[in-house]
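Just below is one structure, and these are the notes that go with it.
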Amino acid sequence: MDELNKFYQTVMQDVVAMQSGDEDGDTQEQIFTRICQEMLSEAGETEDCYLAYDERDFGKKGQHKINGYSLSENYENVDLFITLFNNSSEIKSIPKADIDTAVKRITNFFRKAVYNSYAEEVAESSEIFEFAHTLATYSELKENLIRVNAFILTNGEYKGEIPPSQTISGYSIFYRIIDINFLYKISEQSRVPIELDFNNLDGKSYEIPCLAANIDNPDYEAYIAIIPGECLCSLYHNYGARLLEQNVRSFLQFTGKINKGIRKTINDEPHMFLAFNNGIAATADNIELDETHRYIRHIRNLQIVNGGQTTASIFNTAKKDKADISKIYVQVKLSVIKDSEQYANIVSRISQYANTQNKVNDADFTANNPALIEIEKFSRFVLSPITPENNMQTNWCRY
């Protein structure tokens with residue numbers, strides 16, 4: 001028995017064991033949903049998940065189904081879960097027709113919830129009613145919601161194409177297939193690494209110019225790159241928190257002075273962004289350059305370890321303010337870790353040191369003010385007045 005089948009048998013045994021001790025009377029399908037949610041949370045794919053099952057059939061066009069959901073703390077992301085589960089002793093192949101049906105049903109749920117027609121079909125006592133009501137009526141969610149992820153969970157194996165995204169009431173829904181292969185990868189490797197092809201990123205091609213540092217050591221390679229704001233926005237849109245797993249800071253919306261400053265530059269002086277912004281620090285475990293060795297073609301396991309505020313601010317300003325970010329460019333210090341055994345340790349230390357900074361007070365920024373410089377010059381040669389208490393003249397500024 002190969003490793004994948006061993007993993008499958010373990011999962012199925014866990015489902016049976018957990019159901020026998022479950023006090024809520026959940027079905028095996030819901031138990032499997034819970035296992036998937038926990039694994040995806042540990043891998044950084046989602047967070048704060050809830051089980052909530054509802055399935056209705058109101059004719060061919062009215063079918064909907066949901067097995068669980070997750071709502072991010074800042075209301076930017078909603079994760080929906082729908083499960084295809086079969087109690088089989090071996091891994092079954094999932095046909096595309098089943099995936100298409102799941103897409104239709106989970107999309108119908110979201111559409112009904114957003115348009116507030118869900119209340120007409122489901123009792124308030126339903127475990128999913130409150131979430132659906134939040135989607136329909138909560139103003140803060142409507143203002144902040146940017147991305148909807150529809151996870152299709154299955155203990156089978158799917159080798160077909162990923163369903164294309166859709167837009168419902170102005171919200172983009174992205175579909176992801178979480179099959180037994182994906183679950184095995186994140187269980188054995190803690191998470192599936194982000195792989196980026198800049199020649200084909202969401203159907204677009206981006207030029208990422210870079211300069212390699214002339215250093216030779218067994219631990220890492222260093223590059224300085226310039227990434228377009230549109231590309232960075234696309235990365236955050238597609239991967240969200242996964243891109244910032246090693247970042248010890250989180251996006252604080254636009255309440256802080258730093259984020260407000262970033263937002264103001266994007267809106268008012270986008271061409272000055274590269275000059276005003278410190279850029280980001282990132283890590284990877286593999287990089288591929290083009291034939292000229294001047295542009296990055298492919299990156300594996302990209303992580304932004306410092307610059308999460310910059311990345312999220314560009315994304316949010318583009319989405320919420322409809323800002324033109326075509327003139328935004330960001331400097332990237334990229335460290336490519338060579339030693340796989342030391343990867344986690346080195347990345348953790350880079351993240352720690354990159355986010356340890358001396359505080360700069362507002363007064364420090366006025367140190368080069370021309371008026372203050374002149375005052376300093378005068379203070380060095382203008383003598384202090386003679387007073388009854390002090391009959392010795394000195395300079396105002398003493399060395």
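By order in the structure tokens, chains are A, B, ...; within a chain, residues start at 1; ligands start at 1, following the order shown.
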Extract, using only C-alpha atoms, all DNA, RNA and protein residues at most 8 Å from Arg147 in chain A, discarding same-chain residues fewer than 6 positions from it, and format them as a list in words.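 With the cut-off at 8 Å, the set is Glu76, Asn77, Val78, Tyr171, Ser172, Ile173, Phe174 and His237 of chain A.
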Range 38-49 of chain A: which residues within 7 Å, counting only C-alpha atoms, same-chain residues fewer than 2 positions away excluded, as a PyMOL selection string? chain A and resi 34-36+51+69-70+186+190-191+242
Take the residues from that selection and write them out as a tab-separated table (two decimals), in the first residue's frame, keeping N, CA, C and O atoms.
```tsv
chain	number	residue	atom	x	y	z
A	34	ARG	N	-15.04	18.64	9.29
A	34	ARG	CA	-14.31	19.18	10.44
A	34	ARG	C	-12.82	18.84	10.35
A	34	ARG	O	-11.96	19.69	10.62
A	35	ILE	N	-12.51	17.61	9.95
A	35	ILE	CA	-11.11	17.21	9.79
A	35	ILE	C	-10.42	18.08	8.75
A	35	ILE	O	-9.29	18.56	8.95
A	36	CYS	N	-11.10	18.30	7.63
A	36	CYS	CA	-10.53	19.14	6.57
A	36	CYS	C	-10.31	20.58	7.06
A	36	CYS	O	-9.26	21.19	6.79
A	51	LEU	N	-18.68	24.50	11.60
A	51	LEU	CA	-19.53	23.55	10.90
A	51	LEU	C	-20.94	24.10	10.86
A	51	LEU	O	-21.45	24.59	11.86
A	69	TYR	N	-18.37	27.20	7.21
A	69	TYR	CA	-17.96	28.53	6.76
A	69	TYR	C	-16.87	29.09	7.66
A	69	TYR	O	-16.61	28.58	8.77
A	70	SER	N	-16.25	30.14	7.19
A	70	SER	CA	-15.26	30.88	7.96
A	70	SER	C	-15.35	32.34	7.55
A	70	SER	O	-15.51	32.66	6.38
A	186	ILE	N	-0.60	18.64	2.57
A	186	ILE	CA	-0.50	19.58	3.69
A	186	ILE	C	-0.31	18.86	5.01
A	186	ILE	O	0.18	19.44	5.98
A	190	SER	N	3.16	20.13	5.95
A	190	SER	CA	2.61	21.23	6.75
A	190	SER	C	1.80	22.22	5.92
A	190	SER	O	0.85	22.80	6.39
A	191	ARG	N	2.16	22.43	4.67
A	191	ARG	CA	1.36	23.28	3.77
A	191	ARG	C	1.86	23.11	2.35
A	191	ARG	O	2.99	22.67	2.13
A	242	ARG	N	-1.88	33.47	3.34
A	242	ARG	CA	-0.84	32.46	3.04
A	242	ARG	C	0.47	33.13	2.64
A	242	ARG	O	1.55	32.60	2.88
```
Go through A:Gln9, A:Asn108, A:Ser340, A:Asn267 one by one, measure the shortest atom-to-atom distance of each to Lys327 in chain A using only C-alpha atoms, and give the residue with the smallest value.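 For Lys327 in chain A, the nearest of the candidates is A:Asn267.
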Sorted by chain and rising residue number, list the residues of range 132-158 of chain A at most 10 Å from range 309-320 of chain A (counting only C-alpha atoms), each with its closest atom pair and distance in Å to one decimal, as a tab-separated table.
```
residue	atom	partner	partner_atom	distance
A:Glu143	CA	A:Lys320	CA	8.3
A:Asn144	CA	A:Lys320	CA	8.0
A:Leu145	CA	A:Lys320	CA	9.8
A:Ile146	CA	A:Lys319	CA	7.6
```
Given the choices A:Ala281, A:Ile337, A:Val347, A:Ile91, which gets closest to Asp219 in chain A if the distance is worked out from only C-alpha atoms?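 Answer, going by the shortest atom-to-atom distance: A:Ile337.
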Would you mind writing down, as a PDB file with all heavy atoms, in the first residue's frame, each residue of range 140-209 of chain A that DSSP on the backbone assigns to helix (DSSP H, G or I)?
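The file below, out-v3.pdb, is the result:
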```
ATOM      1  N   GLU A 140     -20.679  46.435   7.814  1.00  0.00           N
ATOM      2  CA  GLU A 140     -19.213  46.414   7.832  1.00  0.00           C
ATOM      3  C   GLU A 140     -18.682  45.306   6.927  1.00  0.00           C
ATOM      4  O   GLU A 140     -17.662  45.478   6.253  1.00  0.00           O
ATOM      5  CB  GLU A 140     -18.700  46.220   9.261  1.00  0.00           C
ATOM      6  CG  GLU A 140     -17.196  46.366   9.378  1.00  0.00           C
ATOM      7  CD  GLU A 140     -16.706  46.323  10.816  1.00  0.00           C
ATOM      8  OE1 GLU A 140     -17.550  46.303  11.733  1.00  0.00           O
ATOM      9  OE2 GLU A 140     -15.482  46.296  11.024  1.00  0.00           O
ATOM     10  N   LEU A 141     -19.377  44.177   6.907  1.00  0.00           N
ATOM     11  CA  LEU A 141     -18.964  43.097   6.023  1.00  0.00           C
ATOM     12  C   LEU A 141     -19.139  43.508   4.565  1.00  0.00           C
ATOM     13  O   LEU A 141     -18.265  43.263   3.738  1.00  0.00           O
ATOM     14  CB  LEU A 141     -19.763  41.834   6.321  1.00  0.00           C
ATOM     15  CG  LEU A 141     -19.389  40.586   5.520  1.00  0.00           C
ATOM     16  CD1 LEU A 141     -19.523  39.331   6.375  1.00  0.00           C
ATOM     17  CD2 LEU A 141     -20.268  40.425   4.277  1.00  0.00           C
ATOM     18  N   LYS A 142     -20.241  44.142   4.251  1.00  0.00           N
ATOM     19  CA  LYS A 142     -20.488  44.557   2.870  1.00  0.00           C
ATOM     20  C   LYS A 142     -19.442  45.568   2.397  1.00  0.00           C
ATOM     21  O   LYS A 142     -19.068  45.595   1.229  1.00  0.00           O
ATOM     22  CB  LYS A 142     -21.894  45.151   2.748  1.00  0.00           C
ATOM     23  CG  LYS A 142     -23.014  44.113   2.808  1.00  0.00           C
ATOM     24  CD  LYS A 142     -24.360  44.759   2.614  1.00  0.00           C
ATOM     25  CE  LYS A 142     -25.462  43.718   2.505  1.00  0.00           C
ATOM     26  NZ  LYS A 142     -25.358  42.918   1.281  1.00  0.00           N
ATOM     27  N   GLU A 143     -18.961  46.414   3.303  1.00  0.00           N
ATOM     28  CA  GLU A 143     -17.960  47.413   2.940  1.00  0.00           C
ATOM     29  C   GLU A 143     -16.580  46.795   2.743  1.00  0.00           C
ATOM     30  O   GLU A 143     -15.803  47.240   1.899  1.00  0.00           O
ATOM     31  CB  GLU A 143     -17.890  48.489   4.025  1.00  0.00           C
ATOM     32  CG  GLU A 143     -19.135  49.360   4.121  1.00  0.00           C
ATOM     33  CD  GLU A 143     -19.086  50.297   5.306  1.00  0.00           C
ATOM     34  OE1 GLU A 143     -18.070  50.261   6.040  1.00  0.00           O
ATOM     35  OE2 GLU A 143     -20.050  51.054   5.509  1.00  0.00           O
ATOM     36  N   ASN A 144     -16.252  45.758   3.551  1.00  0.00           N
ATOM     37  CA  ASN A 144     -14.895  45.223   3.561  1.00  0.00           C
ATOM     38  C   ASN A 144     -14.701  43.953   2.736  1.00  0.00           C
ATOM     39  O   ASN A 144     -13.571  43.625   2.362  1.00  0.00           O
ATOM     40  CB  ASN A 144     -14.444  44.930   5.002  1.00  0.00           C
ATOM     41  CG  ASN A 144     -14.285  46.193   5.823  1.00  0.00           C
ATOM     42  OD1 ASN A 144     -14.086  47.271   5.284  1.00  0.00           O
ATOM     43  ND2 ASN A 144     -14.376  46.068   7.135  1.00  0.00           N
ATOM     44  N   ILE A 180      -8.115  14.359  -1.698  1.00  0.00           N
ATOM     45  CA  ILE A 180      -7.274  13.564  -0.797  1.00  0.00           C
ATOM     46  C   ILE A 180      -5.792  13.822  -1.063  1.00  0.00           C
ATOM     47  O   ILE A 180      -4.969  13.763  -0.137  1.00  0.00           O
ATOM     48  CB  ILE A 180      -7.622  12.055  -0.913  1.00  0.00           C
ATOM     49  CG1 ILE A 180      -7.046  11.278   0.268  1.00  0.00           C
ATOM     50  CG2 ILE A 180      -7.176  11.506  -2.260  1.00  0.00           C
ATOM     51  CD1 ILE A 180      -7.670  11.628   1.601  1.00  0.00           C
ATOM     52  N   ASN A 181      -5.429  14.126  -2.303  1.00  0.00           N
ATOM     53  CA  ASN A 181      -4.034  14.444  -2.625  1.00  0.00           C
ATOM     54  C   ASN A 181      -3.589  15.726  -1.938  1.00  0.00           C
ATOM     55  O   ASN A 181      -2.492  15.801  -1.380  1.00  0.00           O
ATOM     56  CB  ASN A 181      -3.837  14.573  -4.143  1.00  0.00           C
ATOM     57  CG  ASN A 181      -3.817  13.242  -4.843  1.00  0.00           C
ATOM     58  OD1 ASN A 181      -2.927  12.436  -4.629  1.00  0.00           O
ATOM     59  ND2 ASN A 181      -4.826  13.004  -5.682  1.00  0.00           N
ATOM     60  N   PHE A 182      -4.436  16.735  -1.992  1.00  0.00           N
ATOM     61  CA  PHE A 182      -4.109  18.005  -1.365  1.00  0.00           C
ATOM     62  C   PHE A 182      -3.999  17.833   0.149  1.00  0.00           C
ATOM     63  O   PHE A 182      -3.067  18.352   0.777  1.00  0.00           O
ATOM     64  CB  PHE A 182      -5.173  19.045  -1.702  1.00  0.00           C
ATOM     65  CG  PHE A 182      -4.822  20.447  -1.274  1.00  0.00           C
ATOM     66  CD1 PHE A 182      -4.227  21.320  -2.156  1.00  0.00           C
ATOM     67  CD2 PHE A 182      -5.094  20.877   0.013  1.00  0.00           C
ATOM     68  CE1 PHE A 182      -3.892  22.611  -1.755  1.00  0.00           C
ATOM     69  CE2 PHE A 182      -4.770  22.156   0.431  1.00  0.00           C
ATOM     70  CZ  PHE A 182      -4.168  23.033  -0.470  1.00  0.00           C
ATOM     71  N   LEU A 183      -4.927  17.112   0.731  1.00  0.00           N
ATOM     72  CA  LEU A 183      -4.898  16.878   2.176  1.00  0.00           C
ATOM     73  C   LEU A 183      -3.632  16.130   2.584  1.00  0.00           C
ATOM     74  O   LEU A 183      -3.026  16.427   3.619  1.00  0.00           O
ATOM     75  CB  LEU A 183      -6.136  16.093   2.610  1.00  0.00           C
ATOM     76  CG  LEU A 183      -7.479  16.824   2.466  1.00  0.00           C
ATOM     77  CD1 LEU A 183      -8.624  15.874   2.771  1.00  0.00           C
ATOM     78  CD2 LEU A 183      -7.533  18.048   3.387  1.00  0.00           C
ATOM     79  N   TYR A 184      -3.234  15.169   1.768  1.00  0.00           N
ATOM     80  CA  TYR A 184      -2.012  14.419   2.066  1.00  0.00           C
ATOM     81  C   TYR A 184      -0.791  15.345   2.037  1.00  0.00           C
ATOM     82  O   TYR A 184       0.077  15.270   2.913  1.00  0.00           O
ATOM     83  CB  TYR A 184      -1.832  13.291   1.049  1.00  0.00           C
ATOM     84  CG  TYR A 184      -0.501  12.571   1.169  1.00  0.00           C
ATOM     85  CD1 TYR A 184      -0.233  11.747   2.258  1.00  0.00           C
ATOM     86  CD2 TYR A 184       0.487  12.746   0.201  1.00  0.00           C
ATOM     87  CE1 TYR A 184       0.990  11.101   2.376  1.00  0.00           C
ATOM     88  CE2 TYR A 184       1.706  12.100   0.309  1.00  0.00           C
ATOM     89  CZ  TYR A 184       1.955  11.274   1.398  1.00  0.00           C
ATOM     90  OH  TYR A 184       3.166  10.645   1.517  1.00  0.00           O
ATOM     91  N   LYS A 185      -0.742  16.240   1.058  1.00  0.00           N
ATOM     92  CA  LYS A 185       0.400  17.143   0.946  1.00  0.00           C
ATOM     93  C   LYS A 185       0.511  18.075   2.148  1.00  0.00           C
ATOM     94  O   LYS A 185       1.600  18.274   2.696  1.00  0.00           O
ATOM     95  CB  LYS A 185       0.291  17.965  -0.337  1.00  0.00           C
ATOM     96  CG  LYS A 185       0.549  17.177  -1.603  1.00  0.00           C
ATOM     97  CD  LYS A 185       0.413  18.069  -2.830  1.00  0.00           C
ATOM     98  CE  LYS A 185       0.662  17.278  -4.104  1.00  0.00           C
ATOM     99  NZ  LYS A 185       0.503  18.127  -5.318  1.00  0.00           N
ATOM    100  N   ILE A 186      -0.596  18.644   2.566  1.00  0.00           N
ATOM    101  CA  ILE A 186      -0.503  19.576   3.690  1.00  0.00           C
ATOM    102  C   ILE A 186      -0.313  18.855   5.014  1.00  0.00           C
ATOM    103  O   ILE A 186       0.177  19.438   5.978  1.00  0.00           O
ATOM    104  CB  ILE A 186      -1.726  20.521   3.763  1.00  0.00           C
ATOM    105  CG1 ILE A 186      -3.023  19.739   4.001  1.00  0.00           C
ATOM    106  CG2 ILE A 186      -1.824  21.369   2.508  1.00  0.00           C
ATOM    107  CD1 ILE A 186      -4.232  20.645   4.212  1.00  0.00           C
ATOM    108  N   SER A 187      -0.668  17.565   5.058  1.00  0.00           N
ATOM    109  CA  SER A 187      -0.443  16.811   6.294  1.00  0.00           C
ATOM    110  C   SER A 187       1.018  16.420   6.427  1.00  0.00           C
ATOM    111  O   SER A 187       1.594  16.441   7.509  1.00  0.00           O
ATOM    112  CB  SER A 187      -1.310  15.552   6.327  1.00  0.00           C
ATOM    113  OG  SER A 187      -0.877  14.613   5.354  1.00  0.00           O
ATOM    114  N   GLU A 188       1.655  16.077   5.316  1.00  0.00           N
ATOM    115  CA  GLU A 188       3.040  15.632   5.335  1.00  0.00           C
ATOM    116  C   GLU A 188       4.031  16.790   5.223  1.00  0.00           C
ATOM    117  O   GLU A 188       5.138  16.717   5.731  1.00  0.00           O
ATOM    118  CB  GLU A 188       3.287  14.656   4.176  1.00  0.00           C
ATOM    119  CG  GLU A 188       2.488  13.377   4.284  1.00  0.00           C
ATOM    120  CD  GLU A 188       2.822  12.599   5.537  1.00  0.00           C
ATOM    121  OE1 GLU A 188       4.010  12.371   5.798  1.00  0.00           O
ATOM    122  OE2 GLU A 188       1.879  12.237   6.265  1.00  0.00           O
ATOM    123  N   GLN A 189       3.620  17.870   4.571  1.00  0.00           N
ATOM    124  CA  GLN A 189       4.541  18.975   4.331  1.00  0.00           C
ATOM    125  C   GLN A 189       4.125  20.249   5.045  1.00  0.00           C
ATOM    126  O   GLN A 189       4.660  21.319   4.770  1.00  0.00           O
ATOM    127  CB  GLN A 189       4.630  19.237   2.820  1.00  0.00           C
ATOM    128  CG  GLN A 189       5.038  18.013   2.021  1.00  0.00           C
ATOM    129  CD  GLN A 189       4.947  18.250   0.524  1.00  0.00           C
ATOM    130  OE1 GLN A 189       4.852  19.376   0.068  1.00  0.00           O
ATOM    131  NE2 GLN A 189       4.963  17.180  -0.236  1.00  0.00           N
TER     132      GLN A 189
END
```
So which residues touch Tyr239 in chain A within 9 Å, counting only C-alpha atoms, skipping near sequence neighbours fewer than 4 positions away, as a ChimeraX atom specification? /A:45,194,234-235,243-244
Selected residue, from A:Ile304, A:Ile99, A:Leu80, A:Ile177, that lies nearest to Val148 in chain A when counting only C-alpha atoms: A:Leu80
Within 8 Å of Pro163 in chain A, counting only C-alpha atoms, which residues show up once you throw out same-chain ones fewer than 5 positions away? Write them as a ChimeraX atom specification, please. /A:100,103,175-176
Neighbour list for Met12 in chain A as a list in words, cut-off 10 Å, only C-alpha atoms, skip fewer than 2 positions in-chain: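 Returned residues: Phe7, Tyr8, Gln9, Thr10, Asp14, Val15, Val16, Ala17, Met18, Gln28, Phe32, Asn86, Asn87, Ser88, Ser89, Glu90 and Asn155 of chain A.
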Proximity to Ala344 in chain A - best of A:Thr154, A:Ser326, A:Asn301, A:Asn149, only C-alpha atoms: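 Between A:Thr154, A:Ser326, A:Asn301, A:Asn149, the residue approaching Ala344 in chain A most closely is A:Asn301.
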Among listed residues A:Ile224, A:Leu201, A:Cys210, A:Phe81, nearest Gln30 in chain A (using only C-alpha atoms):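 Result for the nearest residue to Gln30 in chain A: A:Phe81.
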A:Thr83, A:Asn278, A:Gln303, A:Ser139: which is nearest Gly156 in chain A, counting only C-alpha atoms?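 Of all the options, A:Thr83 lies closest to Gly156 in chain A.
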So which residues of range 101-238 of chain A fall under strand (DSSP E) by DSSP, listed as JSON, numbers by chain? {"A": [147, 148, 149, 150, 151, 152, 153, 154, 166, 167, 168, 171, 172, 173, 174, 175, 176, 177, 178, 195, 196, 197, 210, 211, 212, 220, 221, 222, 223, 224, 225, 226, 227, 228]}
Any chance you can output those residues with C-alpha atoms as a tab-separated table (two decimals), in the first residue's frame?
```
chain	number	residue	atom	x	y	z
A	147	ARG	CA	-12.86	37.74	-1.66
A	148	VAL	CA	-15.08	34.66	-1.31
A	149	ASN	CA	-13.33	31.28	-1.31
A	150	ALA	CA	-15.51	28.27	-2.05
A	151	PHE	CA	-13.73	25.11	-0.87
A	152	ILE	CA	-14.98	21.87	-2.39
A	153	LEU	CA	-13.85	19.17	0.04
A	154	THR	CA	-13.68	15.53	-0.97
A	166	GLN	CA	-17.62	34.01	-10.75
A	167	THR	CA	-18.94	37.38	-9.62
A	168	ILE	CA	-22.10	37.53	-7.51
A	171	TYR	CA	-18.15	39.85	-5.02
A	172	SER	CA	-15.59	37.54	-6.60
A	173	ILE	CA	-15.97	33.83	-5.77
A	174	PHE	CA	-12.93	31.62	-6.26
A	175	TYR	CA	-13.27	27.83	-6.24
A	176	ARG	CA	-10.73	25.44	-4.79
A	177	ILE	CA	-10.69	21.66	-4.89
A	178	ILE	CA	-9.41	20.09	-1.68
A	195	GLU	CA	4.37	28.51	-6.82
A	196	LEU	CA	4.43	31.59	-9.04
A	197	ASP	CA	4.93	31.78	-12.80
A	210	CYS	CA	16.20	41.76	-10.39
A	211	LEU	CA	19.87	42.08	-9.47
A	212	ALA	CA	21.70	39.18	-7.84
A	220	TYR	CA	21.12	31.59	0.86
A	221	GLU	CA	21.18	33.67	-2.31
A	222	ALA	CA	20.22	37.35	-2.26
A	223	TYR	CA	18.41	39.43	-4.88
A	224	ILE	CA	17.06	42.95	-5.15
A	225	ALA	CA	13.96	43.10	-7.33
A	226	ILE	CA	11.28	45.59	-8.38
A	227	ILE	CA	7.73	44.27	-8.45
A	228	PRO	CA	4.78	46.15	-10.02
```
